[in-house]
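Here the structure comes first, spelled out in C-alpha cells, and everything after it is commentary.
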Amino acid sequence: MNTTVTLEAIREARARIATHIHRTPVLTCASLDRMAGAQLFFKCENLQKTGSFKIRGATNAVLSLDEAEATRGVVTHSSGNHAAALARAASQRGIPSWIVMPSNAPKAKVRAVEGYGGQVTFCEPTIASRESTAAQIIERIGAVMIHPYNNDRIIAGQGTAALELLEEVPGLDVVMAPVSGGGLLSGTAIASKAMRPQARVIGAEPKNADDAYRSLQSGKLEPLAQAHTMADGLRAGLCERTLGILRERVDEIVVVTEEEIVAAMRHVWERMKIIVEPSSAVAFAAVLKSPAAAGKHVGILLSGGNVDLEQLPFAAATGEPRSKLVARAHGAACDRGES
C-alpha cells in the first residue's frame with residue numbers, strides 16, 4: 001500500500017496542530033551519555049499533552065475531517081495512548097468518540113480516556129478482537145474510523161516530533177524510535193530521511209512482540225501472536241502501509257528483552273528525573289545495545305509517560321517501596337538533563 005506522506009505533508013500537519021499540542025523539549029543527560037558511549041538527545045514526548053506523541057497524529061486526523069465526517073464522530077481501537085489522544089482531539093473539536101480498548105489495558109489509561117470524554121468499549125486483548133469490535137461500532141453508529149497507524153494523516157502527525165527534533169539538533173547521526181503498528185517510526189523515518197539523508201533510522205521493539213523485526217527480515221508482514229510484554233503500547237502489529245514505509249526508509253530494528261526494558265526505564269527515572277512508561281524506555285534500551293549508536297549523536301523519541309504508578313516493574317524487581325521510587329523520580333526535577 002502506497003503512502004502519500006511527504007516532508008511537506010508533515011510540515012502541513014505541524015502547522016495544523018501547532019496550537020493544540022506542546023513543542024516538547026529535547027533534553028540531554030551526561031551520565032546516560034557515558035552509559036551509552038554516545039551523545040544522546042531525548043525528544044520528550046512523555047511531557048506532551050495526554051502524555052504521549054499520539055496527540056500529534058490524532059489531532060491532525062480529527063482536524064482534517066470535513067464537517068460531514070466530523071458530525072458522525074470518530075472511533076478507534078487502542079491500548080491507551082492513541083485512545084486518550086483521539087478522545088481529547090474529538091473533545092476539542094466538539095464531536096463524540098468511541099474507543100475500543102483491550103480488557104488488559106492499564107487502568108490509568110482507561111481513566112484518561114474516560115476523562116477526555118471517550119466512550120470506552122472493552123474487548124479481548126487481541127488485534128482481531130479490537131478490529132471486529134470497532135467494526136461493530138462503525139456499523140451501528142456510522143462513526144469515522146481513525147486507525148492508530150494505518151492512516152496517512154496519523155503518520156504525518158507523528159512525524160512532526162522528528163521534524164522538531166531535527167530542527168533543534170540538525171546534526172544527528174542516528175534517530176531511534178519505538179515501533180508497534182509503525183505510525184511513529186514511519187513518520188520519523190519520512191521526516192529524518194528527507195531532512196538528513198545520511199542519518200540512520202533505527203526502530204526499537206520488545207523481543208516478546210518482534211513482528212516488525214521479523215517482517216523487515218522477511219520482506220512481508222509476519223504475524224504477531226498475543227504479545228506478552230510490559231510495553232503495553234507496543235503490542236500492535238504492522239500493516240501493509242507502515243511495512244512499506246519501513247522497508248524503504250528504516251535501516252534496522254533492534255529488539256530488547258523485558259529485563260533490558262526495566263533497566264532502561266529505571267535509568268531514565270533515576271538519572272533524568274522524568275517519568276517514562278515501559279514502551280518509551282524501549283528506544284533507550286535499544287541504544288544501550290546497538291553498535292550503530294556507539295560514538296554517535298543519537299536522537300531518541302521518548303514516546304510517552306503514561307505509567308501506572310501502582311505497577312512499577314523495577315519496584316517489583318527490587319522490593320523497594322513504590323512510594324520511595326516515585327519520590328526519587330520527582331524529587332530532583334530541577335536537575336533534568338544532568339546527573
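Residue numbers start at 1 in each chain; chains themselves are named A, B, ... in the order of the C-alpha cells; ligands are numbered from 1 in the order shown.
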
Checklist entry - Near range 295-306 of chain A, counting only C-alpha atoms, which residues have an atom at most 8 Å away, once you skip same-chain residues fewer than 4 positions from it, shown as JSON, numbers by chain? => result {"A": [37, 38, 39, 40, 41, 42, 43, 44, 45, 46, 47, 48, 51, 52, 53, 81, 108, 109, 161, 162, 165, 171, 172, 173, 174, 175, 176, 177, 178, 275, 276, 277, 279, 280, 281, 283, 284]}

Item to check | Arg241 in chain A surroundings by only C-alpha atoms, 10 Å radius, close-in-sequence under 5 positions cut, as a PyMOL selection string | outcome: chain A and resi 1-3+149-152+181-183+186+246

Next on the checklist: Can you tell me, as a count of residues only, which residues in range 82-256 of chain A count as alpha helix (DSSP H) by DSSP?
Outcome noted: 84

Item to check | Nearest to Ala264 in chain A by atom-to-atom distance, counting only C-alpha atoms, from A:Cys29, A:Leu7, A:Ala285, A:Ile245 | outcome: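 Checking each candidate against Ala264 in chain A, we get A:Ala285 as the closest.
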
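Proximity to Glu12 in chain A at 10 Å, evaluated using only C-alpha atoms and with sequence-adjacent residues fewer than 3 positions away removed, yields Thr6, Leu7, Glu8, Ala9, Ala15, Arg16, Ile17, Ala18, Asn60, Ala156, Gly157 and Thr160 of chain A.
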
Residues from last step as file, N, CA and C atoms, as an mmCIF file, in the first residue's frame:
```cif
data_model
loop_
_atom_site.group_PDB
_atom_site.id
_atom_site.type_symbol
_atom_site.label_atom_id
_atom_site.label_comp_id
_atom_site.auth_asym_id
_atom_site.auth_seq_id
_atom_site.Cartn_x
_atom_site.Cartn_y
_atom_site.Cartn_z
ATOM 1 N N THR A 6 4.655 12.927 2.868
ATOM 2 C CA THR A 6 5.922 13.523 2.481
ATOM 3 C C THR A 6 6.351 14.487 3.575
ATOM 4 N N LEU A 7 7.565 15.017 3.447
ATOM 5 C CA LEU A 7 8.010 16.035 4.396
ATOM 6 C C LEU A 7 7.076 17.228 4.369
ATOM 7 N N GLU A 8 6.579 17.584 3.191
ATOM 8 C CA GLU A 8 5.648 18.714 3.096
ATOM 9 C C GLU A 8 4.358 18.412 3.847
ATOM 10 N N ALA A 9 3.860 17.180 3.751
ATOM 11 C CA ALA A 9 2.652 16.808 4.489
ATOM 12 C C ALA A 9 2.887 16.890 5.991
ATOM 13 N N ALA A 15 1.747 22.720 11.150
ATOM 14 C CA ALA A 15 1.026 23.993 11.164
ATOM 15 C C ALA A 15 -0.411 23.808 11.646
ATOM 16 N N ARG A 16 -1.033 22.699 11.251
ATOM 17 C CA ARG A 16 -2.430 22.439 11.612
ATOM 18 C C ARG A 16 -2.598 22.207 13.107
ATOM 19 N N ILE A 17 -1.647 21.520 13.728
ATOM 20 C CA ILE A 17 -1.820 21.104 15.125
ATOM 21 C C ILE A 17 -1.094 21.998 16.122
ATOM 22 N N ALA A 18 -0.345 22.992 15.634
ATOM 23 C CA ALA A 18 0.587 23.740 16.486
ATOM 24 C C ALA A 18 -0.054 24.311 17.740
ATOM 25 N N ASN A 60 -4.122 15.836 14.142
ATOM 26 C CA ASN A 60 -4.050 16.082 12.702
ATOM 27 C C ASN A 60 -5.193 15.382 11.971
ATOM 28 N N ALA A 156 1.564 11.392 9.285
ATOM 29 C CA ALA A 156 2.093 12.753 9.112
ATOM 30 C C ALA A 156 2.152 13.487 10.444
ATOM 31 N N GLY A 157 1.119 13.343 11.255
ATOM 32 C CA GLY A 157 1.131 13.988 12.566
ATOM 33 C C GLY A 157 2.236 13.465 13.452
ATOM 34 N N THR A 160 5.778 14.862 13.015
ATOM 35 C CA THR A 160 6.124 16.211 13.474
ATOM 36 C C THR A 160 7.078 16.184 14.666
#
```

Skipping near chain neighbours, those fewer than 5 positions away, what residues fall within 10 Å of Leu234 in chain A using only C-alpha atoms, listed as an mmCIF file with C-alpha atoms, in the first residue's frame?
```cif
data_model
loop_
_atom_site.group_PDB
_atom_site.id
_atom_site.type_symbol
_atom_site.label_atom_id
_atom_site.label_comp_id
_atom_site.auth_asym_id
_atom_site.auth_seq_id
_atom_site.Cartn_x
_atom_site.Cartn_y
_atom_site.Cartn_z
ATOM 1 C CA SER A 79 -4.416 0.046 24.358
ATOM 2 C CA PRO A 178 9.980 2.552 19.241
ATOM 3 C CA VAL A 179 7.823 0.565 16.834
ATOM 4 C CA SER A 180 4.480 -1.148 17.276
ATOM 5 C CA GLY A 181 1.993 -0.560 14.475
ATOM 6 C CA GLY A 182 4.628 1.634 12.864
ATOM 7 C CA ALA A 204 13.246 -0.431 18.760
ATOM 8 C CA GLU A 205 10.934 -3.283 19.669
ATOM 9 C CA PRO A 206 10.335 -5.723 22.541
ATOM 10 C CA ASN A 208 8.268 -10.508 23.014
ATOM 11 C CA ALA A 209 6.480 -8.503 20.293
ATOM 12 C CA ASP A 210 9.007 -8.595 17.469
ATOM 13 C CA ALA A 227 2.362 -10.119 22.901
ATOM 14 C CA THR A 229 5.405 -7.572 27.116
ATOM 15 C CA PRO A 278 7.938 0.927 29.506
ATOM 16 C CA SER A 279 7.091 1.474 25.821
ATOM 17 C CA SER A 280 9.013 4.739 25.946
ATOM 18 C CA VAL A 282 12.380 0.573 24.716
#
```

Can you pull out the residues contacting range 137-146 of chain A? Cut-off 8 Å, using only C-alpha atoms, and skip same-chain residues under 4 positions away; I want them as a short mmCIF file (atom, residue, chain, number, x, y, z; two decimals) with N, CA and C atoms, in the first residue's frame.
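Contents of out_2.cif, as written:
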```cif
data_model
loop_
_atom_site.label_atom_id
_atom_site.label_comp_id
_atom_site.auth_asym_id
_atom_site.auth_seq_id
_atom_site.Cartn_x
_atom_site.Cartn_y
_atom_site.Cartn_z
N ALA A 58 -3.44 12.09 16.19
CA ALA A 58 -4.89 12.14 16.41
C ALA A 58 -5.45 13.52 16.11
N ALA A 61 -5.47 14.14 12.36
CA ALA A 61 -6.54 13.38 11.69
C ALA A 61 -7.91 14.00 11.96
N GLU A 69 -18.06 14.46 7.84
CA GLU A 69 -17.41 13.35 8.54
C GLU A 69 -17.39 13.61 10.05
N ALA A 70 -17.06 14.82 10.43
CA ALA A 70 -16.92 15.14 11.85
C ALA A 70 -18.22 14.94 12.61
N ARG A 72 -20.34 12.75 12.38
CA ARG A 72 -20.58 11.33 12.65
C ARG A 72 -19.79 10.84 13.86
N GLY A 73 -18.82 11.63 14.32
CA GLY A 73 -17.97 11.20 15.41
C GLY A 73 -16.88 10.27 14.92
N VAL A 74 -16.01 9.85 15.83
CA VAL A 74 -14.85 9.02 15.46
C VAL A 74 -14.78 7.79 16.35
N VAL A 75 -14.15 6.76 15.83
CA VAL A 75 -13.97 5.52 16.58
C VAL A 75 -12.55 5.02 16.33
N THR A 76 -11.99 4.33 17.32
CA THR A 76 -10.70 3.69 17.14
C THR A 76 -10.56 2.53 18.10
N TRP A 98 -15.78 7.05 20.20
CA TRP A 98 -16.00 5.71 20.74
C TRP A 98 -14.65 4.98 20.69
N THR A 133 -14.56 -5.49 17.08
CA THR A 133 -15.39 -4.67 17.97
C THR A 133 -15.55 -3.26 17.40
N ASN A 151 -3.07 5.02 8.62
CA ASN A 151 -3.75 6.27 8.24
C ASN A 151 -2.66 7.30 7.94
#
```

Next on the checklist: Need the shell around range 114-117 of chain A: protein/DNA/RNA residues with any atom at most 9 Å away, counting only C-alpha atoms. Skip same-chain ones fewer than 6 positions apart. Format as a ChimeraX atom specification?
Outcome noted: /A:84-91,96-97

Those selected residues, please, written with N, CA and C atoms and delivered as a compact mmCIF listing (two decimals), in the first residue's frame.
```
# COMPACT_ATOMS: atom_id res chain seq x y z
N ALA A 84 -6.57 7.88 24.32
CA ALA A 84 -6.68 9.14 25.03
C ALA A 84 -6.50 10.32 24.09
N ALA A 85 -5.56 10.20 23.18
CA ALA A 85 -5.30 11.29 22.24
C ALA A 85 -6.51 11.55 21.35
N LEU A 86 -7.12 10.48 20.84
CA LEU A 86 -8.27 10.68 19.97
C LEU A 86 -9.45 11.24 20.74
N ALA A 87 -9.65 10.75 21.96
CA ALA A 87 -10.75 11.27 22.78
C ALA A 87 -10.57 12.76 23.02
N ARG A 88 -9.35 13.18 23.33
CA ARG A 88 -9.10 14.60 23.56
C ARG A 88 -9.28 15.42 22.29
N ALA A 89 -8.72 14.93 21.17
CA ALA A 89 -8.84 15.66 19.92
C ALA A 89 -10.30 15.81 19.51
N ALA A 90 -11.08 14.74 19.70
CA ALA A 90 -12.51 14.83 19.38
C ALA A 90 -13.22 15.82 20.29
N SER A 91 -12.88 15.77 21.57
CA SER A 91 -13.50 16.70 22.52
C SER A 91 -13.17 18.15 22.16
N PRO A 96 -18.23 13.45 19.22
CA PRO A 96 -18.12 12.28 20.10
C PRO A 96 -17.04 11.31 19.62
N SER A 97 -16.57 10.48 20.57
CA SER A 97 -15.59 9.45 20.23
C SER A 97 -15.95 8.16 20.93
```

Checklist entry - Do you have the CA of Val110 in chain A-CA of Gly80 in chain A distance handy? => result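 These atoms are spaced 6.6 Å apart.
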
Next on the checklist: Can you tell me, as a list in words, which residues in range 160-204 of chain A count as strand (DSSP E or B) by DSSP?
Outcome noted: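 Here is the list: Val174, Val175, Met176, Ala177, Pro178, Arg200, Val201, Ile202, Gly203 and Ala204 of chain A.
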
Selection export as a PDB file, in the first residue's frame, atoms kept: N, CA and C atoms:
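As a result, selection.pdb now contains:
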```
ATOM      1  N   VAL A 174      22.040   9.280  14.153  1.00  0.00           N
ATOM      2  CA  VAL A 174      21.078   8.191  14.332  1.00  0.00           C
ATOM      3  C   VAL A 174      19.809   8.767  14.940  1.00  0.00           C
ATOM      4  N   VAL A 175      18.654   8.319  14.450  1.00  0.00           N
ATOM      5  CA  VAL A 175      17.372   8.660  15.058  1.00  0.00           C
ATOM      6  C   VAL A 175      16.705   7.349  15.446  1.00  0.00           C
ATOM      7  N   MET A 176      16.340   7.231  16.722  1.00  0.00           N
ATOM      8  CA  MET A 176      15.809   5.983  17.272  1.00  0.00           C
ATOM      9  C   MET A 176      14.384   6.207  17.782  1.00  0.00           C
ATOM     10  N   ALA A 177      13.464   5.332  17.403  1.00  0.00           N
ATOM     11  CA  ALA A 177      12.081   5.422  17.873  1.00  0.00           C
ATOM     12  C   ALA A 177      11.532   4.023  18.095  1.00  0.00           C
ATOM     13  N   PRO A 178      10.615   3.861  19.061  1.00  0.00           N
ATOM     14  CA  PRO A 178       9.980   2.552  19.241  1.00  0.00           C
ATOM     15  C   PRO A 178       9.031   2.253  18.090  1.00  0.00           C
ATOM     16  N   ARG A 200      21.039   7.337  10.137  1.00  0.00           N
ATOM     17  CA  ARG A 200      20.432   6.014  10.231  1.00  0.00           C
ATOM     18  C   ARG A 200      19.155   6.127  11.068  1.00  0.00           C
ATOM     19  N   VAL A 201      18.092   5.529  10.590  1.00  0.00           N
ATOM     20  CA  VAL A 201      16.836   5.473  11.338  1.00  0.00           C
ATOM     21  C   VAL A 201      16.675   4.050  11.850  1.00  0.00           C
ATOM     22  N   ILE A 202      16.562   3.919  13.163  1.00  0.00           N
ATOM     23  CA  ILE A 202      16.516   2.600  13.790  1.00  0.00           C
ATOM     24  C   ILE A 202      15.243   2.483  14.627  1.00  0.00           C
ATOM     25  N   GLY A 203      14.542   1.383  14.463  1.00  0.00           N
ATOM     26  CA  GLY A 203      13.378   1.094  15.284  1.00  0.00           C
ATOM     27  C   GLY A 203      13.766   0.237  16.471  1.00  0.00           C
ATOM     28  N   ALA A 204      13.003   0.346  17.540  1.00  0.00           N
ATOM     29  CA  ALA A 204      13.246  -0.431  18.760  1.00  0.00           C
ATOM     30  C   ALA A 204      11.971  -1.173  19.128  1.00  0.00           C
TER      31      ALA A 204
END
```

List as a Markdown table every residue of range 219-336 of chain A that is in contact with range 104-107 of chain A, defined as an atom at most 10 Å from one of its atoms (using only C-alpha atoms), together with the nearest atom pair and the distance in Å rounded to one decimal, sorted by chain and then rising number.
```
| residue | atom | partner | partner_atom | distance |
| --- | --- | --- | --- | --- |
| A:Asp232 | CA | A:Ala105 | CA | 7.5 |
| A:Gly233 | CA | A:Ala105 | CA | 9.3 |
| A:Asn306 | CA | A:Pro106 | CA | 9.1 |
| A:Val307 | CA | A:Pro106 | CA | 8.2 |
| A:Asp308 | CA | A:Pro106 | CA | 6.8 |
| A:Glu310 | CA | A:Lys107 | CA | 9.9 |
| A:Gln311 | CA | A:Pro106 | CA | 9.3 |
```

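CA of Ala231 in chain A is positioned 10.7 Å from CA of Met265 in chain A.
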
Checklist entry - CA of Gly237 in chain A and CA of His77 in chain A are how many Å apart? => result 12.9 Å
